[in-house]
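**Q** Take a look at the following structure, please.
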Amino acid sequence: MNSFEKQKLSVLIITLNEERYIKSLLEDVDFADEIIVVDSFSSDATAEIVKSFTNVLFIENQFKDYTSQRNFALDQAKNEWILFIDADEKLTPQLKEEIISTINNKNSVSAYLMYRTFMFKNSKLHFSGWQTDKIFRLFKKADCSYTEDRMVHEKLIVNGEIGVLKNKLIHFSYTSYEDYKLKMKKYGILKASEKKIKGQKPSDFLMVFHPIYTFLYQYLIRLGFLDGIKGIIICYLNAYSIYIRYKELKRITSSKI
């Protein structure tokens with residue numbers, strides 16, 4: 001009897017209008033034993049592209065918030081190891097090899113963090129707070145779940161040891177000013193709803209001070225100024241998301257429903 005049993009991997013992807021990157025990503029993860037795409041009823045060609053891959057399971061699920069969508073996708077997976085990747089992320093050949101070797105090495109680690117390289121259009125962003133960005137992407141299903149008290153910037157709860165992979169994910173988050181601004185606005189609105197549920201009250205002071213602090217911290221302390229005009233844009237839009245958070249919190253708190 002062979003004592004070595006190859007570990008099986010499920011790749012999970014949540015999508016909404018991701019026709020720009022989804023084809024190349026699905027080609028990237030063809031080494032997985034199971035690939036599941038959970039789509040929030042995209043209006044572009046995302047569904048058509050995904051369905052053209054016979055090795056991919058396509059599921060449509062109404063979007064409530066990012067945490068709920070991730071936990072729904074997680075429930076669909078059959079395998080012990082999960083690779084949860086966003087449609088705008090890309091695996092390097094070195095990272096693929098590291099993932100395969102990692103899950104097949106006997107160890108007690110339950111989840112792995114991955115560092116990410118942030119791409120501003122087609123060039124690398126070196127600073128602006130992204131130089132140390134890392135996120136959980138590879139983990140054991142039985143040991144992990146996303147906490148339900150967040151609607152955006154999901155937090156993975158890990159019951160076990162945590163490791164860090166050496167190779168980086170490539171993150172194509174910024175494709176245009178308008179697209180990234182819309183994304184930051186969406187994050188801000190979801191964050192406001194999250195704050196309201198937790199009982200946080202709106203504050204005009206924080207609506208002014210917190211965005212300014214965020215911009216100055218990322219631009220000066222986190223060296224955004226070394227990224228030139230790219231740094232100004234990213235630091236401004238991140239601060240803009242904070243402003244939207246407080247503006248929306250004020251609106252939904254004062255509205256009579």
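Labeling convention for the structure tokens: chains A, B, ... as they appear, residues from 1 per chain, ligands from 1 in order of appearance.
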Can you tell me, as a list in words, what residues are no more than 10 Å from Lys198 of chain A when counting only C-alpha atoms, ignoring any on the same chain fewer than 6 positions away?
**A**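 Surrounding residues, per the criterion: Asp149, Arg150 and Ala192 of chain A.
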**Q** Residues within 12 Å of Ser10 of chain A, please, as a ChimeraX atom specification. Count only C-alpha atoms; anything in the same chain fewer than 2 positions from it doesn't count.
**A** /A:7-8,12-13,29-37,55-57,73-85,99-100,103,137-141
**Q** Would you give me, as an mmCIF file with N, CA, C and O atoms, in the first residue's frame, the residues in segment 128-209 of chain A that DSSP reads as helix (DSSP H, G or I)?
**A**
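The resulting out36.cif:
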data_model
loop_
_atom_site.group_PDB
_atom_site.id
_atom_site.type_symbol
_atom_site.label_atom_id
_atom_site.label_comp_id
_atom_site.auth_asym_id
_atom_site.auth_seq_id
_atom_site.Cartn_x
_atom_site.Cartn_y
_atom_site.Cartn_z
ATOM 1 N N LYS A 141 -9.950 23.463 4.784
ATOM 2 C CA LYS A 141 -11.367 23.793 4.956
ATOM 3 C C LYS A 141 -11.862 23.495 6.368
ATOM 4 O O LYS A 141 -12.611 24.297 6.960
ATOM 5 N N ALA A 142 -11.436 22.384 6.922
ATOM 6 C CA ALA A 142 -11.944 21.966 8.233
ATOM 7 C C ALA A 142 -11.485 22.874 9.360
ATOM 8 O O ALA A 142 -12.125 22.927 10.417
ATOM 9 N N ASP A 143 -10.399 23.609 9.142
ATOM 10 C CA ASP A 143 -9.820 24.419 10.210
ATOM 11 C C ASP A 143 -10.123 25.907 10.100
ATOM 12 O O ASP A 143 -9.719 26.682 10.973
ATOM 13 N N TYR A 177 -8.626 54.636 -13.193
ATOM 14 C CA TYR A 177 -9.012 55.494 -12.077
ATOM 15 C C TYR A 177 -10.476 55.294 -11.710
ATOM 16 O O TYR A 177 -10.811 55.115 -10.541
ATOM 17 N N GLU A 178 -11.356 55.293 -12.714
ATOM 18 C CA GLU A 178 -12.790 55.194 -12.449
ATOM 19 C C GLU A 178 -13.158 53.840 -11.859
ATOM 20 O O GLU A 178 -13.982 53.751 -10.949
ATOM 21 N N ASP A 179 -12.556 52.765 -12.378
ATOM 22 C CA ASP A 179 -12.851 51.423 -11.859
ATOM 23 C C ASP A 179 -12.418 51.289 -10.403
ATOM 24 O O ASP A 179 -13.149 50.740 -9.570
ATOM 25 N N TYR A 180 -11.240 51.793 -10.089
ATOM 26 C CA TYR A 180 -10.736 51.662 -8.723
ATOM 27 C C TYR A 180 -11.531 52.559 -7.773
ATOM 28 O O TYR A 180 -11.824 52.172 -6.637
ATOM 29 N N LYS A 181 -11.920 53.743 -8.258
ATOM 30 C CA LYS A 181 -12.726 54.639 -7.430
ATOM 31 C C LYS A 181 -14.077 53.999 -7.118
ATOM 32 O O LYS A 181 -14.566 54.078 -5.975
ATOM 33 N N LEU A 182 -14.672 53.340 -8.109
ATOM 34 C CA LEU A 182 -15.952 52.661 -7.898
ATOM 35 C C LEU A 182 -15.808 51.529 -6.891
ATOM 36 O O LEU A 182 -16.674 51.325 -6.040
ATOM 37 N N LYS A 183 -14.693 50.814 -6.976
ATOM 38 C CA LYS A 183 -14.427 49.727 -6.031
ATOM 39 C C LYS A 183 -14.269 50.276 -4.612
ATOM 40 O O LYS A 183 -14.817 49.727 -3.649
ATOM 41 N N MET A 184 -13.524 51.373 -4.469
ATOM 42 C CA MET A 184 -13.332 51.977 -3.152
ATOM 43 C C MET A 184 -14.642 52.508 -2.580
ATOM 44 O O MET A 184 -14.884 52.437 -1.376
ATOM 45 N N LYS A 185 -15.502 53.019 -3.449
ATOM 46 C CA LYS A 185 -16.815 53.493 -3.006
ATOM 47 C C LYS A 185 -17.666 52.336 -2.500
ATOM 48 O O LYS A 185 -18.317 52.432 -1.452
ATOM 49 N N LYS A 186 -17.626 51.225 -3.227
ATOM 50 C CA LYS A 186 -18.380 50.034 -2.825
ATOM 51 C C LYS A 186 -17.893 49.518 -1.473
ATOM 52 O O LYS A 186 -18.697 49.175 -0.597
ATOM 53 N N TYR A 187 -16.575 49.477 -1.300
ATOM 54 C CA TYR A 187 -16.012 49.044 -0.022
ATOM 55 C C TYR A 187 -16.463 49.968 1.112
ATOM 56 O O TYR A 187 -16.797 49.513 2.204
ATOM 57 N N GLY A 188 -16.445 51.270 0.837
ATOM 58 C CA GLY A 188 -16.835 52.238 1.859
ATOM 59 C C GLY A 188 -18.284 52.073 2.283
ATOM 60 O O GLY A 188 -18.609 52.155 3.472
ATOM 61 N N ILE A 189 -19.166 51.817 1.314
ATOM 62 C CA ILE A 189 -20.591 51.645 1.614
ATOM 63 C C ILE A 189 -20.821 50.384 2.444
ATOM 64 O O ILE A 189 -21.585 50.390 3.418
ATOM 65 N N LEU A 190 -20.163 49.297 2.071
ATOM 66 C CA LEU A 190 -20.299 48.052 2.835
ATOM 67 C C LEU A 190 -19.746 48.208 4.246
ATOM 68 O O LEU A 190 -20.312 47.710 5.216
ATOM 69 N N LYS A 191 -18.646 48.939 4.354
ATOM 70 C CA LYS A 191 -18.038 49.155 5.668
ATOM 71 C C LYS A 191 -18.972 49.985 6.563
ATOM 72 O O LYS A 191 -19.056 49.755 7.776
ATOM 73 N N ALA A 192 -19.673 50.928 5.955
ATOM 74 C CA ALA A 192 -20.626 51.741 6.714
ATOM 75 C C ALA A 192 -21.752 50.872 7.275
ATOM 76 O O ALA A 192 -22.143 51.020 8.440
ATOM 77 N N SER A 193 -22.269 49.966 6.456
ATOM 78 C CA SER A 193 -23.325 49.063 6.919
ATOM 79 C C SER A 193 -22.824 48.181 8.053
ATOM 80 O O SER A 193 -23.546 47.925 9.031
ATOM 81 N N GLU A 194 -21.603 47.745 7.927
ATOM 82 C CA GLU A 194 -20.981 46.927 8.975
ATOM 83 C C GLU A 194 -20.864 47.717 10.277
ATOM 84 O O GLU A 194 -21.155 47.197 11.360
ATOM 85 N N LYS A 195 -20.440 48.977 10.172
ATOM 86 C CA LYS A 195 -20.300 49.824 11.360
ATOM 87 C C LYS A 195 -21.647 50.083 12.029
ATOM 88 O O LYS A 195 -21.750 50.122 13.259
ATOM 89 N N LYS A 196 -22.690 50.258 11.207
ATOM 90 C CA LYS A 196 -24.015 50.510 11.764
ATOM 91 C C LYS A 196 -24.506 49.308 12.561
ATOM 92 O O LYS A 196 -25.060 49.451 13.660
ATOM 93 N N ILE A 197 -24.294 48.112 12.019
ATOM 94 C CA ILE A 197 -24.709 46.887 12.707
ATOM 95 C C ILE A 197 -24.004 46.768 14.055
ATOM 96 O O ILE A 197 -24.579 46.308 15.047
ATOM 97 N N ASP A 204 -18.836 63.673 12.357
ATOM 98 C CA ASP A 204 -18.339 64.638 11.370
ATOM 99 C C ASP A 204 -16.829 64.828 11.515
ATOM 100 O O ASP A 204 -16.123 65.023 10.526
ATOM 101 N N PHE A 205 -16.349 64.764 12.750
ATOM 102 C CA PHE A 205 -14.908 64.907 12.986
ATOM 103 C C PHE A 205 -14.140 63.791 12.298
ATOM 104 O O PHE A 205 -13.164 64.034 11.587
ATOM 105 N N LEU A 206 -14.581 62.548 12.508
ATOM 106 C CA LEU A 206 -13.891 61.411 11.888
ATOM 107 C C LEU A 206 -14.047 61.417 10.374
ATOM 108 O O LEU A 206 -13.148 60.974 9.659
ATOM 109 N N MET A 207 -15.169 61.920 9.885
ATOM 110 C CA MET A 207 -15.388 61.969 8.438
ATOM 111 C C MET A 207 -14.353 62.875 7.763
ATOM 112 O O MET A 207 -13.980 62.665 6.606
ATOM 113 N N VAL A 208 -13.863 63.865 8.488
ATOM 114 C CA VAL A 208 -12.823 64.751 7.967
ATOM 115 C C VAL A 208 -11.426 64.251 8.339
ATOM 116 O O VAL A 208 -10.543 64.135 7.482
ATOM 117 N N PHE A 209 -11.241 63.907 9.612
ATOM 118 C CA PHE A 209 -9.895 63.587 10.110
ATOM 119 C C PHE A 209 -9.380 62.234 9.625
ATOM 120 O O PHE A 209 -8.219 62.122 9.230
#
**Q** Within 7 Å of segment 59-61 of chain A, counting only C-alpha atoms, which residues show up once you throw out same-chain ones fewer than 3 positions away? Write them as a PDB file with N, CA, C and O atoms, in the first residue's frame, please.
**A**
ATOM      1  N   VAL A  37     -16.498  28.544  -9.466  1.00  0.00           N
ATOM      2  CA  VAL A  37     -16.712  29.982  -9.601  1.00  0.00           C
ATOM      3  C   VAL A  37     -18.111  30.303  -9.104  1.00  0.00           C
ATOM      4  O   VAL A  37     -19.095  29.746  -9.605  1.00  0.00           O
ATOM      5  N   VAL A  38     -18.198  31.179  -8.110  1.00  0.00           N
ATOM      6  CA  VAL A  38     -19.492  31.650  -7.600  1.00  0.00           C
ATOM      7  C   VAL A  38     -19.678  33.083  -8.097  1.00  0.00           C
ATOM      8  O   VAL A  38     -18.951  33.987  -7.695  1.00  0.00           O
ATOM      9  N   ASP A  39     -20.649  33.257  -8.959  1.00  0.00           N
ATOM     10  CA  ASP A  39     -20.843  34.538  -9.631  1.00  0.00           C
ATOM     11  C   ASP A  39     -22.073  35.266  -9.092  1.00  0.00           C
ATOM     12  O   ASP A  39     -23.089  34.648  -8.774  1.00  0.00           O
ATOM     13  N   SER A  40     -21.975  36.588  -9.008  1.00  0.00           N
ATOM     14  CA  SER A  40     -23.071  37.415  -8.491  1.00  0.00           C
ATOM     15  C   SER A  40     -23.907  37.983  -9.633  1.00  0.00           C
ATOM     16  O   SER A  40     -24.200  39.176  -9.669  1.00  0.00           O
ATOM     17  N   PHE A  41     -24.268  37.123 -10.585  1.00  0.00           N
ATOM     18  CA  PHE A  41     -25.095  37.500 -11.728  1.00  0.00           C
ATOM     19  C   PHE A  41     -24.438  38.619 -12.551  1.00  0.00           C
ATOM     20  O   PHE A  41     -24.985  39.719 -12.698  1.00  0.00           O
TER      21      PHE A  41
END
**Q** With only C-alpha atoms as the counted atoms, please give the residues lying no more than 12 Å from Glu148 of chain A, apart from itself and same-chain residues fewer than 5 positions off, as JSON, numbers by chain.
**A** {"A": [64, 65, 66, 67, 68, 69, 70, 71, 72, 153, 154, 155, 156, 157, 194, 197, 198]}
**Q** Let's see if you can do this: from backbone DSSP, list all strand (DSSP E) residues in segment 40-239 of chain A, as number ranges by chain.
**A** A: 56-60, 81-84, 89-90, 109-120, 123-124, 134-140, 144-146, 156-158, 161-164, 169-174
**Q** Rank A:Leu113, A:Ile212, A:Leu165, A:Leu220 by their smallest atom-to-atom distance to Tyr243 of chain A, using only C-alpha atoms, and report the top residue only.
**A**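 Result for the nearest residue to Tyr243 of chain A: A:Ile212.
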**Q** What gap, in Å, lies between atom CA of Cys235 of chain A and atom CA of Asn17 of chain A?
**A**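 Spanning atom CA of Cys235 of chain A to atom CA of Asn17 of chain A is a straight-line distance of 25.1 Å.
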**Q** Need the shell around Ser52 of chain A: protein/DNA/RNA residues with any atom at most 12 Å away, counting only C-alpha atoms. Skip same-chain ones fewer than 5 positions apart. Format as a PyMOL selection string?
**A** chain A and resi 22-23+26-27+45-47+57-58
**Q** Store the residues picked out above, limited to all heavy atoms, as a PDB file, in the first residue's frame.
**A**
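To be explicit, this is the file written out as selection_6.pdb:
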ATOM      1  N   ILE A  22     -10.777  36.695 -16.000  1.00  0.00           N
ATOM      2  CA  ILE A  22     -11.202  35.365 -15.569  1.00  0.00           C
ATOM      3  C   ILE A  22     -10.661  34.245 -16.455  1.00  0.00           C
ATOM      4  O   ILE A  22     -10.328  33.156 -15.966  1.00  0.00           O
ATOM      5  CB  ILE A  22     -12.751  35.295 -15.448  1.00  0.00           C
ATOM      6  CG1 ILE A  22     -13.176  34.021 -14.711  1.00  0.00           C
ATOM      7  CG2 ILE A  22     -13.420  35.412 -16.801  1.00  0.00           C
ATOM      8  CD1 ILE A  22     -12.702  33.937 -13.289  1.00  0.00           C
ATOM      9  N   LYS A  23     -10.551  34.466 -17.739  1.00  0.00           N
ATOM     10  CA  LYS A  23     -10.058  33.407 -18.641  1.00  0.00           C
ATOM     11  C   LYS A  23      -8.621  33.017 -18.296  1.00  0.00           C
ATOM     12  O   LYS A  23      -8.308  31.824 -18.161  1.00  0.00           O
ATOM     13  CB  LYS A  23     -10.144  33.856 -20.095  1.00  0.00           C
ATOM     14  CG  LYS A  23      -9.708  32.788 -21.102  1.00  0.00           C
ATOM     15  CD  LYS A  23      -9.919  33.270 -22.538  1.00  0.00           C
ATOM     16  CE  LYS A  23      -9.619  32.166 -23.535  1.00  0.00           C
ATOM     17  NZ  LYS A  23      -8.194  31.774 -23.547  1.00  0.00           N
ATOM     18  N   LEU A  26      -8.467  31.122 -14.914  1.00  0.00           N
ATOM     19  CA  LEU A  26      -8.919  29.733 -14.985  1.00  0.00           C
ATOM     20  C   LEU A  26      -7.880  28.856 -15.685  1.00  0.00           C
ATOM     21  O   LEU A  26      -7.715  27.679 -15.334  1.00  0.00           O
ATOM     22  CB  LEU A  26     -10.271  29.651 -15.698  1.00  0.00           C
ATOM     23  CG  LEU A  26     -11.446  30.268 -14.936  1.00  0.00           C
ATOM     24  CD1 LEU A  26     -12.723  30.211 -15.765  1.00  0.00           C
ATOM     25  CD2 LEU A  26     -11.661  29.589 -13.590  1.00  0.00           C
ATOM     26  N   GLU A  27      -7.183  29.416 -16.641  1.00  0.00           N
ATOM     27  CA  GLU A  27      -6.088  28.679 -17.278  1.00  0.00           C
ATOM     28  C   GLU A  27      -4.932  28.490 -16.296  1.00  0.00           C
ATOM     29  O   GLU A  27      -4.249  27.466 -16.308  1.00  0.00           O
ATOM     30  CB  GLU A  27      -5.617  29.426 -18.530  1.00  0.00           C
ATOM     31  CG  GLU A  27      -6.635  29.436 -19.657  1.00  0.00           C
ATOM     32  CD  GLU A  27      -6.266  30.376 -20.794  1.00  0.00           C
ATOM     33  OE1 GLU A  27      -5.380  31.238 -20.596  1.00  0.00           O
ATOM     34  OE2 GLU A  27      -6.878  30.255 -21.875  1.00  0.00           O
ATOM     35  N   ALA A  45     -19.427  39.286 -19.954  1.00  0.00           N
ATOM     36  CA  ALA A  45     -19.222  37.955 -20.529  1.00  0.00           C
ATOM     37  C   ALA A  45     -18.626  36.950 -19.550  1.00  0.00           C
ATOM     38  O   ALA A  45     -18.219  35.859 -19.954  1.00  0.00           O
ATOM     39  CB  ALA A  45     -18.319  38.071 -21.761  1.00  0.00           C
ATOM     40  N   THR A  46     -18.589  37.294 -18.255  1.00  0.00           N
ATOM     41  CA  THR A  46     -17.982  36.398 -17.265  1.00  0.00           C
ATOM     42  C   THR A  46     -18.585  35.001 -17.300  1.00  0.00           C
ATOM     43  O   THR A  46     -17.862  34.000 -17.377  1.00  0.00           O
ATOM     44  CB  THR A  46     -18.128  36.983 -15.845  1.00  0.00           C
ATOM     45  OG1 THR A  46     -17.442  38.232 -15.762  1.00  0.00           O
ATOM     46  CG2 THR A  46     -17.539  36.028 -14.813  1.00  0.00           C
ATOM     47  N   ALA A  47     -19.900  34.899 -17.238  1.00  0.00           N
ATOM     48  CA  ALA A  47     -20.562  33.588 -17.212  1.00  0.00           C
ATOM     49  C   ALA A  47     -20.248  32.779 -18.462  1.00  0.00           C
ATOM     50  O   ALA A  47     -19.949  31.575 -18.372  1.00  0.00           O
ATOM     51  CB  ALA A  47     -22.071  33.774 -17.063  1.00  0.00           C
ATOM     52  N   LEU A  57     -16.914  24.337 -12.249  1.00  0.00           N
ATOM     53  CA  LEU A  57     -18.308  24.379 -11.806  1.00  0.00           C
ATOM     54  C   LEU A  57     -18.713  25.838 -11.636  1.00  0.00           C
ATOM     55  O   LEU A  57     -18.094  26.568 -10.867  1.00  0.00           O
ATOM     56  CB  LEU A  57     -18.465  23.623 -10.483  1.00  0.00           C
ATOM     57  CG  LEU A  57     -19.846  23.686  -9.814  1.00  0.00           C
ATOM     58  CD1 LEU A  57     -20.923  23.080 -10.720  1.00  0.00           C
ATOM     59  CD2 LEU A  57     -19.817  22.989  -8.457  1.00  0.00           C
ATOM     60  N   PHE A  58     -19.751  26.244 -12.352  1.00  0.00           N
ATOM     61  CA  PHE A  58     -20.241  27.623 -12.309  1.00  0.00           C
ATOM     62  C   PHE A  58     -21.534  27.675 -11.511  1.00  0.00           C
ATOM     63  O   PHE A  58     -22.494  26.976 -11.811  1.00  0.00           O
ATOM     64  CB  PHE A  58     -20.473  28.146 -13.730  1.00  0.00           C
ATOM     65  CG  PHE A  58     -21.007  29.551 -13.797  1.00  0.00           C
ATOM     66  CD1 PHE A  58     -20.157  30.633 -13.600  1.00  0.00           C
ATOM     67  CD2 PHE A  58     -22.353  29.799 -14.054  1.00  0.00           C
ATOM     68  CE1 PHE A  58     -20.643  31.933 -13.663  1.00  0.00           C
ATOM     69  CE2 PHE A  58     -22.839  31.089 -14.125  1.00  0.00           C
ATOM     70  CZ  PHE A  58     -21.979  32.159 -13.931  1.00  0.00           C
TER      71      PHE A  58
END
**Q** May I ask for the distance between atom CA of Asn107 of chain A and atom CA of Glu161 of chain A, given in Å to one decimal place?
**A**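 Distance between the two atoms: 9.6 Å.
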**Q** For segment 223-233 of chain A, list every protein, DNA or RNA residue within 10 Å, evaluated using only C-alpha atoms, and leave out those in the same chain fewer than 2 positions away; present the list as number ranges by chain.
**A** A: 120-121, 123-131, 177, 180-181, 215-221, 235-239
**Q** What does the structure give for the distance between atom CA of Asp44 of chain A and atom CA of Tyr21 of chain A, in Å to one decimal?
**A** 12.2 Å
**Q** May I ask which of the residues A:Glu248, A:Phe136, A:Val50, A:Ile162 is the closest one to Ala87 of chain A, counting only C-alpha atoms?
**A**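 Among A:Glu248, A:Phe136, A:Val50, A:Ile162, it is A:Val50 that comes nearest to Ala87 of chain A.
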